[in-house]
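Accompanying notes for the structure given below.
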Amino acid sequence: MKEELVSIIMPVYNCEKYVTKAIKSVQEQTYTNWKLIIVNDCSTDNSICKIEEQIKSIKNKVTIINLTENQGVANARNIAIDKACGRYIAYLDADDLWEKEKLYKQTNFMKINNIAFSYTSYSRTKEDGSLLKTVEVPGKTNYKDLLRSTIMLTSTIIIDIKTIPKEKLKMPNLKISEDAQTWLDILKSGVVAYGLNKNLAQYRQRKNSTSSNKIKSVKGMWKVYRKYQKMSISKSLYYTMFHIINAIKKRI
């Protein structure tokens, strides 16, 4: 099957410990028609040196954008999306990893089944990479499903931009849950996301990261329900309870 170009979006902020492995997991893909767009969000550590060292052999396949002030992960992704080309956009955070056949298996799954939005199962690991749990995913997710559970890990998502335009992928500048809000808006339009229940990525659970802070996560989803999805207090409470319960299930 023909390999269509995949643009890979990677925001980076102070990830010197992990970004080399993230890039290496892209380099080792069995699917070869990809372009990596790295947005260095004004990192204050040694991230850019690590990046430049790792990409020496693949410079023709990598675009680095160095921001002069920190803009947050949403704006960093949006800047990369503007530079994206080809048929697909895939997401990979700088502290996560892909399995070698991730792009090959997922794009084939999308082509064979005429899918515009897909995600996969993944492993949750400790900071040192040791396994905590494998998170399996449902075969499909619609708008109401996603309101109840943010089951889709952003680093597993691939979007066909022939069907879903790049402008629909632009994320609001939130401190947390910016990706969940974006996927909700896409699914609210009638799109269904389809899950490939194969473990093709690793999510690194960092102790001090925003996404690992359970209270911030709940507050972030509450803001999404109330402000962006414009739900009543009662509906927001209803879906927040589902969010808490399903977040616990993912961790046990």
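Starting from 1 in every chain, residues are counted up; chains themselves are A, B, ... following the order of the structure tokens, and ligands are numbered from 1 as listed.
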
| request: Quick one: pick out all helix (DSSP H, G or I) residues within region 8-169 of chain A from a backbone DSSP run and write them as a count of residues only. | output: 59

| Which of region 77-167 of chain A counts as strand (DSSP E) under DSSP, as a PyMOL selection string please? | chain A and resi 88-91+97-98+117-125+131-135+140-141+158-160

| said: Just the number, please: distance in Å from CA of Ser149 (chain A) to CA of Asn108 (chain A), one decimal. | reply: 26.2 Å

For region 45-90 of chain A against region 16-38 of chain A, with a cut-off of 6 Å and counting only C-alpha atoms, what is the closest atom pair and its distance in Å to one decimal for every residue that makes the cut, ordered by chain and number, as JSON lines?
{"residue": "A:Asn46", "atom": "CA", "partner": "A:Glu16", "partner_atom": "CA", "distance": 5.5}
{"residue": "A:Ser47", "atom": "CA", "partner": "A:Glu16", "partner_atom": "CA", "distance": 4.2}
{"residue": "A:Lys61", "atom": "CA", "partner": "A:Lys35", "partner_atom": "CA", "distance": 5.0}
{"residue": "A:Val62", "atom": "CA", "partner": "A:Leu36", "partner_atom": "CA", "distance": 4.7}
{"residue": "A:Thr63", "atom": "CA", "partner": "A:Ile37", "partner_atom": "CA", "distance": 4.8}
{"residue": "A:Ile64", "atom": "CA", "partner": "A:Ile38", "partner_atom": "CA", "distance": 4.8}

Please produce a file of those selected residues containing C-alpha atoms, as a PDB file, in the first residue's frame.
ATOM      1  CA  ASN A  46      19.649  21.406  27.049  1.00  0.00           C
ATOM      2  CA  SER A  47      16.754  20.189  24.877  1.00  0.00           C
ATOM      3  CA  LYS A  61      13.261  15.048   7.228  1.00  0.00           C
ATOM      4  CA  VAL A  62      13.117  17.399  10.227  1.00  0.00           C
ATOM      5  CA  THR A  63      12.005  20.999  10.652  1.00  0.00           C
ATOM      6  CA  ILE A  64      12.949  22.751  13.914  1.00  0.00           C
TER       7      ILE A  64
END

Contacts between region 180-198 of chain A and region 138-162 of chain A, please, where a residue of region 138-162 of chain A counts if it comes within 9 Å (with only C-alpha atoms); show its shortest atom pair and distance in Å to one decimal, rows by chain and ascending number, as a Markdown table.
| residue | atom | partner | partner_atom | distance |
| --- | --- | --- | --- | --- |
| A:Pro138 | CA | A:Gly195 | CA | 5.8 |
| A:Gly139 | CA | A:Gly195 | CA | 4.6 |
| A:Lys140 | CA | A:Tyr194 | CA | 4.2 |
| A:Thr141 | CA | A:Ala193 | CA | 5.1 |
| A:Asn142 | CA | A:Val192 | CA | 5.0 |
| A:Tyr143 | CA | A:Leu187 | CA | 4.9 |
| A:Lys144 | CA | A:Lys188 | CA | 8.4 |
| A:Leu146 | CA | A:Leu184 | CA | 6.8 |
| A:Leu147 | CA | A:Leu184 | CA | 7.4 |
| A:Thr150 | CA | A:Ala180 | CA | 6.8 |
| A:Met152 | CA | A:Ala180 | CA | 8.5 |
| A:Thr154 | CA | A:Ala180 | CA | 8.6 |

What does the file look like for those residues with C-alpha atoms, as a compact mmCIF listing (two decimals), in the first residue's frame?
# COMPACT_ATOMS: atom_id res chain seq x y z
CA PRO A 138 -12.57 0.88 22.52
CA GLY A 139 -13.20 0.24 18.83
CA LYS A 140 -14.78 3.64 18.37
CA THR A 141 -15.45 6.87 20.24
CA ASN A 142 -18.12 9.46 19.52
CA TYR A 143 -18.78 12.83 21.15
CA LYS A 144 -20.78 11.50 24.10
CA LEU A 146 -15.39 11.27 24.91
CA LEU A 147 -17.32 13.48 27.32
CA THR A 150 -10.58 11.03 27.80
CA MET A 152 -7.53 8.84 23.61
CA THR A 154 -2.75 12.45 22.02

| request: Tell me, in Å to one decimal, how far CA of Gly129 (chain A) is from CA of Asp96 (chain A). | output: 9.7 Å

| With only C-alpha atoms as the atoms that count, which of A:Ile115, A:Leu5, A:Cys49, A:Val73 lies nearest to Cys85 (chain A)? | A:Leu5

| said: Would you pick out the contacts of Asn173 (chain A) at 8 Å or less, using only C-alpha atoms, so that residues sharing its chain but fewer than 2 positions from it are not included, and give the list as a PyMOL selection string? | reply: chain A and resi 72-75+171+175+178

| task | Would you please work out which residue, of A:Ile51, A:Leu67, A:Met221, A:Ile112, is nearest to Tyr238 (chain A) when using only C-alpha atoms? | result |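 With only C-alpha atoms as the atom set, the closest residue is A:Met221.
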
| said: Need to verify the contact set: Pro165 (chain A), 12 Å, only C-alpha atoms, exclusion of same-chain residues closer than 3 positions in sequence. Can you return it as number ranges by chain? | reply: A: 81-82, 84-89, 116-117, 159-162, 168-170, 186

Residues of the last selection are to be written out with N, CA and C atoms, as a PDB file, in the first residue's frame.
ATOM      1  N   ILE A  81       1.289  22.678  13.188  1.00  0.00           N
ATOM      2  CA  ILE A  81       0.200  22.327  12.277  1.00  0.00           C
ATOM      3  C   ILE A  81       0.211  23.223  11.040  1.00  0.00           C
ATOM      4  N   ASP A  82       0.513  24.513  11.229  1.00  0.00           N
ATOM      5  CA  ASP A  82       0.605  25.432  10.082  1.00  0.00           C
ATOM      6  C   ASP A  82       1.670  24.979   9.083  1.00  0.00           C
ATOM      7  N   ALA A  84       2.580  21.813   8.632  1.00  0.00           N
ATOM      8  CA  ALA A  84       2.355  20.419   8.236  1.00  0.00           C
ATOM      9  C   ALA A  84       1.888  20.326   6.789  1.00  0.00           C
ATOM     10  N   CYS A  85       2.270  19.221   6.152  1.00  0.00           N
ATOM     11  CA  CYS A  85       1.824  18.952   4.790  1.00  0.00           C
ATOM     12  C   CYS A  85       1.611  17.452   4.644  1.00  0.00           C
ATOM     13  N   GLY A  86       1.183  17.018   3.459  1.00  0.00           N
ATOM     14  CA  GLY A  86       0.911  15.610   3.258  1.00  0.00           C
ATOM     15  C   GLY A  86      -0.523  15.271   3.600  1.00  0.00           C
ATOM     16  N   ARG A  87      -0.806  13.985   3.765  1.00  0.00           N
ATOM     17  CA  ARG A  87      -2.178  13.536   4.017  1.00  0.00           C
ATOM     18  C   ARG A  87      -2.519  13.429   5.493  1.00  0.00           C
ATOM     19  N   TYR A  88      -1.540  13.062   6.306  1.00  0.00           N
ATOM     20  CA  TYR A  88      -1.830  12.773   7.712  1.00  0.00           C
ATOM     21  C   TYR A  88      -1.044  13.681   8.651  1.00  0.00           C
ATOM     22  N   ILE A  89      -1.666  13.978   9.800  1.00  0.00           N
ATOM     23  CA  ILE A  89      -0.964  14.614  10.915  1.00  0.00           C
ATOM     24  C   ILE A  89      -0.988  13.632  12.085  1.00  0.00           C
ATOM     25  N   ALA A 116     -10.914   8.690   9.184  1.00  0.00           N
ATOM     26  CA  ALA A 116     -10.282  10.012   9.187  1.00  0.00           C
ATOM     27  C   ALA A 116      -9.607  10.353  10.506  1.00  0.00           C
ATOM     28  N   PHE A 117      -9.988   9.663  11.583  1.00  0.00           N
ATOM     29  CA  PHE A 117      -9.505  10.003  12.929  1.00  0.00           C
ATOM     30  C   PHE A 117      -9.287   8.679  13.661  1.00  0.00           C
ATOM     31  N   ILE A 159      -4.655  12.002  12.242  1.00  0.00           N
ATOM     32  CA  ILE A 159      -5.786  12.634  11.564  1.00  0.00           C
ATOM     33  C   ILE A 159      -5.517  12.687  10.058  1.00  0.00           C
ATOM     34  N   ASP A 160      -6.528  12.328   9.277  1.00  0.00           N
ATOM     35  CA  ASP A 160      -6.465  12.473   7.819  1.00  0.00           C
ATOM     36  C   ASP A 160      -6.945  13.880   7.470  1.00  0.00           C
ATOM     37  N   ILE A 161      -6.022  14.753   7.049  1.00  0.00           N
ATOM     38  CA  ILE A 161      -6.398  16.150   6.825  1.00  0.00           C
ATOM     39  C   ILE A 161      -7.031  16.382   5.451  1.00  0.00           C
ATOM     40  N   LYS A 162      -7.188  15.324   4.671  1.00  0.00           N
ATOM     41  CA  LYS A 162      -8.024  15.436   3.471  1.00  0.00           C
ATOM     42  C   LYS A 162      -9.495  15.477   3.862  1.00  0.00           C
ATOM     43  N   LYS A 168      -9.340  22.743  11.838  1.00  0.00           N
ATOM     44  CA  LYS A 168     -10.123  22.088  12.886  1.00  0.00           C
ATOM     45  C   LYS A 168      -9.230  21.526  13.989  1.00  0.00           C
ATOM     46  N   LEU A 169      -7.922  21.408  13.699  1.00  0.00           N
ATOM     47  CA  LEU A 169      -6.987  20.822  14.664  1.00  0.00           C
ATOM     48  C   LEU A 169      -6.348  21.862  15.577  1.00  0.00           C
ATOM     49  N   LYS A 170      -6.600  23.135  15.318  1.00  0.00           N
ATOM     50  CA  LYS A 170      -6.014  24.189  16.137  1.00  0.00           C
ATOM     51  C   LYS A 170      -6.567  24.117  17.559  1.00  0.00           C
ATOM     52  N   ILE A 186     -14.192  18.320  17.318  1.00  0.00           N
ATOM     53  CA  ILE A 186     -14.199  17.550  16.070  1.00  0.00           C
ATOM     54  C   ILE A 186     -15.304  16.496  16.106  1.00  0.00           C
TER      55      ILE A 186
END

| field | Polymer residues at most 10 Å from Ser155 (chain A), only C-alpha atoms, same-chain spacing of 2 or more positions, as a list in words | value |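 Residues meeting the cut-off are Ile8, Ile9, Met10, Ala90, Tyr91, Leu92, Asp93, Ala94, Asp95, Asp96, Leu97, Trp98, Tyr119, Thr120, Tyr122, Met152, Leu153, Ile157, Ile158, Leu200, Ala201, Gln202 and Tyr203 of chain A.
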
Based on the selection just made, write N, CA, C and O atoms of those residues as a compact mmCIF listing (two decimals), in the first residue's frame.
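The file below, out_26.txt, is the result:
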# COMPACT_ATOMS: atom_id res chain seq x y z
N ILE A 8 4.58 14.81 11.50
CA ILE A 8 4.57 14.47 12.93
C ILE A 8 4.80 15.74 13.74
O ILE A 8 5.81 16.44 13.55
N ILE A 9 3.89 16.03 14.64
CA ILE A 9 3.92 17.25 15.45
C ILE A 9 4.55 16.94 16.80
O ILE A 9 4.03 16.11 17.57
N MET A 10 5.66 17.61 17.13
CA MET A 10 6.32 17.38 18.43
C MET A 10 6.64 18.70 19.12
O MET A 10 7.63 19.37 18.78
N ALA A 90 0.20 13.38 12.63
CA ALA A 90 0.34 12.51 13.81
C ALA A 90 0.97 13.33 14.93
O ALA A 90 1.72 14.28 14.68
N TYR A 91 0.66 12.96 16.16
CA TYR A 91 1.14 13.69 17.34
C TYR A 91 2.08 12.80 18.15
O TYR A 91 1.80 11.63 18.37
N LEU A 92 3.17 13.40 18.60
CA LEU A 92 4.07 12.70 19.53
C LEU A 92 4.66 13.72 20.49
O LEU A 92 5.39 14.63 20.07
N ASP A 93 4.35 13.60 21.77
CA ASP A 93 4.95 14.48 22.77
C ASP A 93 6.39 14.06 23.03
O ASP A 93 6.75 12.89 22.87
N ALA A 94 7.21 15.00 23.44
CA ALA A 94 8.66 14.79 23.52
C ALA A 94 9.09 13.84 24.63
O ALA A 94 10.24 13.42 24.67
N ASP A 95 8.17 13.49 25.53
CA ASP A 95 8.50 12.52 26.58
C ASP A 95 7.81 11.18 26.38
O ASP A 95 7.87 10.30 27.23
N ASP A 96 7.14 11.01 25.23
CA ASP A 96 6.50 9.75 24.89
C ASP A 96 7.29 9.02 23.81
O ASP A 96 8.25 9.56 23.25
N LEU A 97 6.87 7.79 23.50
CA LEU A 97 7.57 6.97 22.51
C LEU A 97 6.57 6.25 21.62
O LEU A 97 5.43 6.00 22.03
N TRP A 98 7.00 5.90 20.41
CA TRP A 98 6.22 5.05 19.52
C TRP A 98 6.91 3.70 19.35
O TRP A 98 8.14 3.62 19.34
N TYR A 119 -6.90 6.36 16.82
CA TYR A 119 -6.05 6.34 18.02
C TYR A 119 -5.75 4.88 18.33
O TYR A 119 -6.38 3.97 17.76
N THR A 120 -4.80 4.62 19.22
CA THR A 120 -4.41 3.25 19.52
C THR A 120 -4.28 3.02 21.03
O THR A 120 -4.28 3.96 21.82
N TYR A 122 -2.00 1.89 24.34
CA TYR A 122 -0.67 2.36 24.71
C TYR A 122 -0.29 1.84 26.09
O TYR A 122 -1.13 1.33 26.83
N MET A 152 -8.48 8.73 24.72
CA MET A 152 -7.53 8.84 23.61
C MET A 152 -6.28 9.59 24.03
O MET A 152 -6.35 10.76 24.40
N LEU A 153 -5.15 8.93 23.98
CA LEU A 153 -3.87 9.58 24.25
C LEU A 153 -3.44 10.35 23.01
O LEU A 153 -3.39 9.79 21.90
N ILE A 157 -2.71 9.60 18.36
CA ILE A 157 -3.71 10.06 17.39
C ILE A 157 -3.10 10.37 16.02
O ILE A 157 -2.03 10.97 15.93
N ILE A 158 -3.80 9.96 14.96
CA ILE A 158 -3.49 10.36 13.59
C ILE A 158 -4.77 10.87 12.95
O ILE A 158 -5.83 10.27 13.07
N LEU A 200 0.80 0.56 20.61
CA LEU A 200 1.77 1.11 19.67
C LEU A 200 2.47 2.36 20.18
O LEU A 200 3.20 3.01 19.43
N ALA A 201 2.30 2.69 21.47
CA ALA A 201 2.95 3.88 22.02
C ALA A 201 3.18 3.71 23.51
O ALA A 201 2.59 2.83 24.15
N GLN A 202 4.05 4.56 24.05
CA GLN A 202 4.31 4.58 25.49
C GLN A 202 4.12 5.99 26.02
O GLN A 202 4.71 6.95 25.49
N TYR A 203 3.29 6.10 27.04
CA TYR A 203 3.06 7.37 27.71
C TYR A 203 3.86 7.38 29.01
O TYR A 203 3.66 6.55 29.88

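Nearest residue to Lys223 (chain A), choosing from A:Ser177, A:Phe242, A:Ser57, A:Glu4 and counting only C-alpha atoms: A:Ser177.
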
| task | Between CA of Lys83 (chain A) and CA of Val39 (chain A), measure the distance and give it in Å to one decimal. | result | 10.5 Å

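Nearest to Lys126 (chain A) of all the residues A:Lys219, A:Arg206, A:Lys230, A:Lys50 is A:Arg206, based on only C-alpha atoms.
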